[in-house]
Each structure stands twice: as structure tokens, then as C-alpha cells.
$ cat query_23.cif   # mmCIF, C-alpha atoms and all ligand atoms
data_work
#
loop_
_atom_site.label_atom_id
_atom_site.label_comp_id
_atom_site.auth_asym_id
_atom_site.auth_seq_id
_atom_site.Cartn_x
_atom_site.Cartn_y
_atom_site.Cartn_z
CA MET Q 74 -32.40 -83.01 18.59
CA ILE Q 75 -33.05 -82.45 14.90
CA ILE Q 76 -32.39 -84.68 11.91
CA THR Q 77 -32.52 -83.21 8.41
CA ILE Q 78 -33.47 -85.10 5.29
CA ASN Q 79 -30.16 -83.92 3.84
CA GLN Q 80 -28.36 -85.96 6.47
CA ILE Q 81 -30.39 -89.01 5.45
CA ASN Q 82 -29.96 -88.42 1.72
CA GLN Q 83 -26.21 -87.97 2.06
CA THR Q 84 -25.74 -91.49 3.37
CA ALA Q 85 -24.78 -94.18 0.87
CA ASP Q 86 -27.61 -96.53 1.85
CA GLY Q 87 -30.26 -94.01 2.90
CA VAL Q 88 -30.00 -94.97 6.57
CA TYR Q 89 -28.83 -92.42 9.09
CA PRO Q 90 -28.18 -93.76 12.60
CA PHE Q 91 -28.42 -91.28 15.45
CA GLN Q 92 -28.20 -91.07 19.18
CA GLY Q 93 -28.42 -88.27 21.68
CA LYS Q 94 -30.14 -86.78 24.66
CA VAL Q 95 -33.38 -84.86 24.95
CA TYR Q 96 -34.00 -82.61 27.93
CA LEU Q 97 -37.61 -82.45 29.07
CA GLU Q 98 -37.31 -81.17 32.64
CA ASP Q 99 -40.29 -78.88 32.09
CA LEU Q 100 -42.53 -81.97 32.08
CA VAL Q 101 -42.09 -82.01 35.87
CA GLU Q 102 -44.35 -78.96 36.03
CA GLU Q 103 -46.96 -80.40 33.67
CA GLU Q 104 -47.17 -83.93 35.03
CA PRO Q 105 -48.17 -84.13 38.71
CA ASN Q 106 -46.80 -87.69 39.05
CA ILE Q 107 -43.22 -86.76 38.11
CA VAL Q 108 -40.90 -85.05 40.59
CA LYS Q 109 -37.66 -85.43 38.65
CA LEU Q 110 -36.68 -86.46 35.14
CA GLU Q 111 -33.19 -87.35 33.93
CA PRO Q 112 -32.29 -86.48 30.32
CA ILE Q 113 -33.89 -88.93 27.89
CA GLN Q 114 -31.46 -91.11 25.95
CA VAL Q 115 -32.62 -91.63 22.41
CA GLU Q 116 -31.12 -93.78 19.70
CA GLY Q 117 -32.36 -95.07 16.39
CA GLU Q 118 -32.30 -94.81 12.64
CA ALA Q 119 -33.72 -92.36 10.17
CA SER Q 120 -34.14 -93.93 6.77
CA ARG Q 121 -35.40 -93.10 3.31
CA LEU Q 122 -38.24 -95.39 2.22
CA ASP Q 123 -38.99 -93.69 -1.07
CA SER Q 124 -37.95 -90.52 -2.88
CA HIS Q 125 -40.07 -88.32 -0.60
CA LEU Q 126 -40.85 -90.70 2.22
CA TYR Q 127 -38.77 -91.11 5.37
CA GLN Q 128 -39.08 -93.09 8.55
CA VAL Q 129 -37.61 -92.69 11.99
CA SER Q 130 -37.48 -95.64 14.34
CA ALA Q 131 -36.23 -94.90 17.82
CA LYS Q 132 -35.78 -96.30 21.29
CA GLN Q 133 -35.81 -94.03 24.28
CA LYS Q 134 -35.16 -94.48 27.95
CA CYS Q 135 -34.67 -92.38 31.03
CA VAL Q 136 -34.96 -92.50 34.79
CA GLY Q 137 -37.78 -90.56 36.33
CA LYS Q 138 -38.70 -90.01 39.94
CA LEU Q 139 -42.42 -90.59 40.37
CA ILE Q 140 -44.85 -90.23 43.28
CA CYS Q 141 -46.51 -93.43 44.44
CA SER Q 142 -50.27 -93.04 44.14
CA ARG Q 143 -50.88 -95.08 47.32
CA CYS Q 144 -48.20 -94.09 49.85
CA LEU Q 145 -47.10 -90.77 48.30
CA THR Q 146 -43.37 -91.52 48.61
CA THR Q 147 -41.14 -90.84 45.61
CA PHE Q 148 -39.32 -93.63 43.83
CA PRO Q 149 -37.06 -93.89 40.77
CA THR Q 150 -38.29 -95.84 37.79
CA SER Q 151 -37.09 -96.55 34.29
CA LEU Q 152 -39.31 -95.15 31.53
CA GLU Q 153 -38.69 -96.85 28.20
CA SER Q 154 -40.42 -97.10 24.88
CA SER Q 155 -39.76 -97.60 21.21
CA TRP Q 156 -41.62 -96.02 18.33
CA PHE Q 157 -41.55 -95.16 14.68
CA GLU Q 158 -42.98 -92.33 12.63
CA LYS Q 159 -43.15 -91.52 8.93
CA PHE Q 160 -42.34 -88.19 7.33
CA THR Q 161 -42.53 -86.54 3.95
CA ASP Q 162 -41.32 -83.28 2.45
CA LYS Q 163 -44.11 -83.32 -0.14
CA LYS Q 164 -47.44 -81.81 0.91
CA GLU Q 165 -49.48 -84.20 -1.29
CA LEU Q 166 -48.04 -87.22 0.50
CA ALA Q 167 -48.82 -86.05 4.04
CA ILE Q 168 -51.64 -88.01 5.70
CA ASP Q 169 -53.29 -87.83 9.07
CA THR Q 170 -55.91 -90.54 9.51
CA GLU Q 171 -56.62 -93.06 12.22
CA GLU Q 172 -54.76 -95.78 10.32
CA GLU Q 173 -51.77 -93.81 9.20
CA THR Q 174 -49.92 -90.60 9.84
CA ILE Q 175 -47.26 -89.19 7.59
CA HIS Q 176 -45.97 -85.94 9.02
CA LEU Q 177 -45.21 -83.07 6.71
CA LEU Q 178 -41.71 -81.73 7.26
CA ILE Q 179 -40.99 -78.04 7.40
CA ASP Q 180 -37.59 -77.08 5.95
CA GLY Q 181 -36.73 -80.79 5.76
CA GLN Q 182 -36.27 -81.00 9.52
CA ILE Q 183 -37.41 -83.80 11.79
CA GLU Q 184 -37.74 -82.51 15.34
CA LEU Q 185 -37.30 -85.59 17.48
CA GLU Q 186 -38.08 -83.81 20.73
CA LEU Q 187 -41.80 -83.57 19.90
CA PHE Q 188 -42.09 -87.33 19.47
CA VAL Q 189 -39.88 -88.18 22.43
CA ARG Q 190 -42.08 -86.00 24.63
CA GLU Q 191 -45.30 -87.52 23.32
CA GLN Q 192 -43.99 -91.06 23.88
CA LEU Q 193 -42.89 -90.30 27.40
CA VAL Q 194 -46.27 -88.85 28.36
CA ILE Q 195 -48.20 -91.75 26.75
CA HIS Q 196 -46.15 -94.31 28.68
CA LEU Q 197 -46.36 -92.67 32.08
CA PRO Q 198 -48.23 -94.91 34.50
CA TYR Q 199 -51.67 -93.49 35.26
CA ALA Q 200 -51.40 -94.43 38.94
CA PRO Q 201 -47.72 -95.09 39.73
CA LEU Q 202 -46.88 -97.60 42.47
CA CYS Q 203 -43.57 -97.75 44.39
CA LYS Q 204 -44.02 -101.55 44.42
CA PRO Q 205 -46.87 -103.72 43.14
CA ASP Q 206 -48.05 -104.57 46.66
CA CYS Q 207 -47.63 -101.13 48.20
CA ALA Q 208 -49.73 -101.08 51.37
CA GLY Q 209 -50.47 -97.36 51.11
CA LEU Q 210 -51.34 -94.92 53.88
CA CYS Q 211 -53.67 -95.58 56.79
CA PRO Q 212 -56.83 -93.56 56.06
CA GLU Q 213 -57.22 -92.81 59.79
CA CYS Q 214 -53.77 -91.78 61.05
CA GLY Q 215 -51.85 -91.33 57.80
CA ALA Q 216 -49.10 -93.80 58.73
CA ASN Q 217 -47.19 -95.34 55.83
CA LYS Q 218 -48.23 -98.97 56.22
CA ASN Q 219 -45.14 -100.14 54.30
CA GLU Q 220 -43.00 -98.83 57.17
CA LYS Q 221 -45.08 -99.36 60.28
CA SER Q 222 -48.40 -100.78 61.32
CA CYS Q 223 -50.92 -98.87 63.39
CA ASP Q 224 -53.86 -99.83 65.61
CA CYS Q 225 -56.53 -97.95 63.72
CA ASN Q 226 -59.68 -99.87 62.94
CA THR Q 227 -60.16 -99.28 59.24
CA GLU Q 228 -62.27 -102.30 58.50
CA ARG Q 229 -65.34 -101.16 56.75
CA ILE Q 230 -68.15 -103.21 55.35
CA ASP Q 231 -68.35 -103.07 51.60
CA PRO Q 232 -71.37 -100.83 50.87
CA ARG Q 233 -72.81 -103.45 48.50
CA LEU Q 234 -72.61 -106.09 51.20
CA ALA Q 235 -74.17 -103.70 53.69
CA LYS Q 236 -77.18 -103.32 51.41
CA LEU Q 237 -77.49 -107.05 51.08
CA GLN Q 238 -77.35 -107.36 54.82
CA ASP Q 239 -80.20 -104.83 55.18
CA LEU Q 240 -82.29 -106.78 52.68
CA LEU Q 241 -81.72 -110.02 54.53
CA GLU Q 242 -82.72 -108.40 57.80
CA ASP Q 243 -85.91 -106.99 56.22
CA LYS Q 244 -86.79 -110.40 54.90
CA ASP Q 245 -86.34 -111.89 58.35
CA SER Q 246 -88.67 -109.34 59.91
CA VAL Q 247 -91.42 -110.01 57.30
CA SER Q 248 -91.50 -113.74 57.65
ZN ZN R 1 -46.17 -96.84 47.62
ZN ZN R 2 -53.62 -95.78 61.38
#
$ encode --input "query_23.cif" --output "C-alpha cells" --more "lines below"
Ligand SMILES: [Zn+2]
Ligand SMILES: [Zn+2]
Amino acid sequence: MIITINQINQTADGVYPFQGKVYLEDLVEEEPNIVKLEPIQVEGEASRLDSHLYQVSAKQKCVGKLICSRCLTTFPTSLESSWFEKFTDKKELAIDTEEETIHLLIDGQIELELFVREQLVIHLPYAPLCKPDCAGLCPECGANKNEKSCDCNTERIDPRLAKLQDLLEDKDSVS
């Protein structure tokens, strides 16, 4: 998906609306939490802010199949975000600082795919959950506790509490 500054400049009001799909299936190999990714639907506006300054504002959404970090089952989820970026075709106007980035365009072309990909990766959950209260797997027998319960005794004393308990016992033996 590419927008050219010619397309923007040819509009009467300097605003070029766009919509389309971006295919990023290869992310499945790079991101261990994703097992499947539908095409990303992108829509937005590319506009001219000044004679050599342009801005793209976009919304993107897609359905991805992720792996739950607790129970390891896969589940579909909607991945959405909106963003905007500034561009220039003049080298002197390009900036890349912490406060502001103005990307320098090569051949007057804005390659949306790069930004769509970056947004998707930034908004991926770090530890995806199939549901907020997912019960996870039993550490003893591996049963999915969302589906069935098991009789394993997995109650463990919190190591910090165990230490406290030791201290208390020591104290008892001294006095
Ligand atoms: Zn889960
Ligand atoms: Zn178990």
C-alpha cells in the first residue's frame, strides 16, 4: 500500500482519503504469540500540511489468532490501533528526535506497510490471555484448568512467607 505525494497534491483540498488491506502473514514467523493473522484493514487520510510537509493519519484493525500465555490454547482477538506520522520530501525538513519525527520520503512515496507493521507489533499483548481470568494449566499434570479440575496438590507456601515462618520458629527456640 503506497501513497504518493502527487496523489495528495492533485486533490483540490490537499486531503487524500485512502483505504485498503495490508498483508503481513510473515509476522506469524517472527512473533511467537501469533499463530494466524488476517489481512490488516487500513483506512485514513493523507494530507498536505505545508508545501513540503505531509501527514498520514490512519486506523487499522485485523483479527489475529494468538496463543494464551497461561493455558496455551489459541484464541481469536481483534488488534486495533490508530496512528499518525509526518513526512517531507525535503531533506532539510526531515527530523528524527525523541519529540518529533518527520520521515524523509524517497521518490515521493509513502509506504504504509512499514507503519502498519510497526503499529501491529507495538500493540501486541506481551502476555496474551484467552480471557482475563484464565485458570491456566496445572503445573503438576498439565490439565487445562479452564476445562477440568484435577486432584493435584499444587498449594505451595510463598517463599517469602516460608522465610518469615523460619524466623519466627528461630525466635521461639531462642526465648
Ligand atoms: Zn488461557
Ligand atoms: Zn493437575
$ closest_residue --input "query_23.cif" --among "Q:Leu197, Q:Ser142, Q:Glu172, Q:Asp162" --to "ligand ZN 1 (chain R)" --atoms "only C-alpha atoms and all ligand atoms"
Q:Ser142
$ residues_near_ligand --input "query_23.cif" --ligand "ligand ZN 2 (chain R)" --cutoff "8 Å" --atoms "only C-alpha atoms and all ligand atoms" --output "MDAnalysis selection string"
chainID Q and resid 210:216 222:227
$ closest_residue --input "query_23.cif" --among "Q:Asp206, Q:Glu171, Q:Glu242, Q:Glu118" --to "ligand ZN 1 (chain R)" --atoms "only C-alpha atoms and all ligand atoms"
Q:Asp206
$ closest_residue --input "query_23.cif" --among "Q:Thr161, Q:Lys218, Q:Pro90, Q:Val129" --to "ligand ZN 1 (chain R)" --atoms "only C-alpha atoms and all ligand atoms"
Q:Lys218
$ residues_near_ligand --input "query_23.cif" --ligand "ligand ZN 1 (chain R)" --cutoff "12 Å" --atoms "all atoms listed in the file" --output "PyMOL selection string"
chain Q and resi 139-149+200-211+216-220
$ residues_around --input "query_23.cif" --residues "segment 166-168 of chain Q" --least-positions-apart "3" --cutoff "9 Å" --atoms "all atoms listed in the file" --output "PyMOL selection string"
chain Q and resi 125-126+160-163+173-178
$ closest_residue --input "query_23.cif" --among "Q:Lys236, Q:Lys221, Q:Lys134, Q:His196" --to "Val95 of chain Q" --atoms "all atoms listed in the file"
Q:Lys134
$ atom_distance --input "query_23.cif" --atom1 "atom CA of Leu152 of chain Q" --atom2 "atom CA of Ile113 of chain Q"
9.0 Å
$ closest_residue --input "query_23.cif" --among "Q:Leu100, Q:Leu185, Q:Leu193, Q:Ile75" --to "Ser130 of chain Q" --atoms "all atoms listed in the file"
Q:Leu185
$ closest_residue --input "query_23.cif" --among "Q:Glu104, Q:Glu186, Q:Gly137, Q:Gly117" --to "Tyr199 of chain Q" --atoms "all atoms listed in the file"
Q:Glu104
$ residues_around --input "query_23.cif" --residues "Trp156 of chain Q" --least-positions-apart "5" --cutoff "8 Å" --atoms "all atoms listed in the file" --output "PyMOL selection string"
chain Q and resi 130-132+192
$ residues_near_point --input "query_23.cif" --point "(-30.7, -82.0, 5.9)" --cutoff "12 Å" --atoms "only C-alpha atoms" --output "ChimeraX atom specification"
/Q:75-84,89,119,162,178-184
$ atom_distance --input "query_23.cif" --atom1 "atom CA of Gln128 of chain Q" --atom2 "atom CA of Glu191 of chain Q"
17.0 Å
$ atom_distance --input "query_23.cif" --atom1 "atom CA of Met74 of chain Q" --atom2 "atom CA of Glu103 of chain Q"
21.1 Å
$ decode --input "query_23.cif" --residues "segment 101-193 of chain Q" --atoms "C-alpha atoms" --output "short mmCIF file (atom, residue, chain, number, x, y, z; two decimals), in the first residue's frame"
data_model
loop_
_atom_site.label_atom_id
_atom_site.label_comp_id
_atom_site.auth_asym_id
_atom_site.auth_seq_id
_atom_site.Cartn_x
_atom_site.Cartn_y
_atom_site.Cartn_z
CA VAL Q 101 3.49 -15.24 12.22
CA GLU Q 102 7.06 -16.49 11.90
CA GLU Q 103 8.59 -13.54 13.75
CA GLU Q 104 6.12 -13.25 16.61
CA PRO Q 105 5.82 -16.41 18.75
CA ASN Q 106 2.45 -15.31 20.18
CA ILE Q 107 0.69 -15.15 16.80
CA VAL Q 108 -0.47 -18.29 15.02
CA LYS Q 109 -2.60 -16.64 12.34
CA LEU Q 110 -3.13 -13.12 11.05
CA GLU Q 111 -5.93 -11.92 8.80
CA PRO Q 112 -5.16 -9.11 6.33
CA ILE Q 113 -5.00 -5.75 8.10
CA GLN Q 114 -7.69 -3.28 7.12
CA VAL Q 115 -6.34 0.23 6.97
CA GLU Q 116 -8.17 3.47 6.33
CA GLY Q 117 -7.31 7.10 6.81
CA GLU Q 118 -6.28 10.36 5.26
CA ALA Q 119 -3.07 11.67 3.80
CA SER Q 120 -2.97 15.43 3.86
CA ARG Q 121 -0.69 18.30 2.95
CA LEU Q 122 0.15 20.49 5.97
CA ASP Q 123 2.58 22.79 4.22
CA SER Q 124 4.32 23.00 0.85
CA HIS Q 125 6.73 20.18 1.73
CA LEU Q 126 5.07 18.71 4.79
CA TYR Q 127 2.54 15.87 4.75
CA GLN Q 128 0.72 13.87 7.36
CA VAL Q 129 -0.92 10.48 7.33
CA SER Q 130 -3.49 9.60 9.95
CA ALA Q 131 -4.75 6.05 9.87
CA LYS Q 132 -6.81 3.48 11.69
CA GLN Q 133 -6.04 -0.18 11.35
CA LYS Q 134 -7.69 -3.35 12.50
CA CYS Q 135 -7.42 -7.06 11.95
CA VAL Q 136 -8.20 -10.37 13.57
CA GLY Q 137 -5.27 -12.36 14.83
CA LYS Q 138 -5.12 -15.78 16.42
CA LEU Q 139 -2.91 -15.62 19.49
CA ILE Q 140 -1.62 -18.21 21.96
CA CYS Q 141 -2.77 -17.76 25.55
CA SER Q 142 0.27 -17.35 27.78
CA ARG Q 143 -1.38 -19.30 30.63
CA CYS Q 144 -3.28 -22.22 29.07
CA LEU Q 145 -1.56 -22.32 25.65
CA THR Q 146 -4.81 -22.58 23.68
CA THR Q 147 -5.26 -20.34 20.65
CA PHE Q 148 -7.96 -17.69 20.52
CA PRO Q 149 -9.02 -15.01 18.04
CA THR Q 150 -8.68 -11.39 19.05
CA SER Q 151 -9.16 -8.04 17.42
CA LEU Q 152 -5.98 -5.96 17.07
CA GLU Q 153 -6.73 -2.29 16.52
CA SER Q 154 -4.84 0.95 16.67
CA SER Q 155 -4.76 4.42 15.22
CA TRP Q 156 -1.70 6.49 14.46
CA PHE Q 157 -0.32 9.42 12.56
CA GLU Q 158 3.05 10.18 11.02
CA LYS Q 159 4.58 13.19 9.29
CA PHE Q 160 6.54 13.15 6.05
CA THR Q 161 8.56 15.51 3.93
CA ASP Q 162 10.16 15.38 0.50
CA LYS Q 163 12.78 17.95 1.51
CA LYS Q 164 15.90 16.64 3.21
CA GLU Q 165 16.36 19.80 5.34
CA LEU Q 166 12.93 19.35 6.90
CA ALA Q 167 13.40 15.73 7.96
CA ILE Q 168 13.78 15.29 11.74
CA ASP Q 169 14.28 12.30 13.97
CA THR Q 170 14.31 13.27 17.63
CA GLU Q 171 12.54 11.95 20.69
CA GLU Q 172 9.89 14.66 20.45
CA GLU Q 173 9.27 14.60 16.75
CA THR Q 174 9.85 12.51 13.69
CA ILE Q 175 9.39 13.73 10.15
CA HIS Q 176 10.22 10.96 7.73
CA LEU Q 177 12.08 11.76 4.56
CA LEU Q 178 10.29 10.41 1.51
CA ILE Q 179 12.12 8.66 -1.27
CA ASP Q 180 10.63 9.29 -4.73
CA GLY Q 181 7.65 10.97 -3.04
CA GLN Q 182 6.28 7.64 -1.87
CA ILE Q 183 4.74 6.86 1.50
CA GLU Q 184 4.96 3.15 2.18
CA LEU Q 185 2.13 2.49 4.59
CA GLU Q 186 3.07 -1.13 5.17
CA LEU Q 187 6.12 -0.19 7.27
CA PHE Q 188 3.99 1.81 9.70
CA VAL Q 189 1.14 -0.67 9.78
CA ARG Q 190 3.61 -3.41 10.70
CA GLU Q 191 5.26 -1.32 13.40
CA GLN Q 192 1.89 -0.43 14.95
CA LEU Q 193 0.74 -4.01 14.97
#
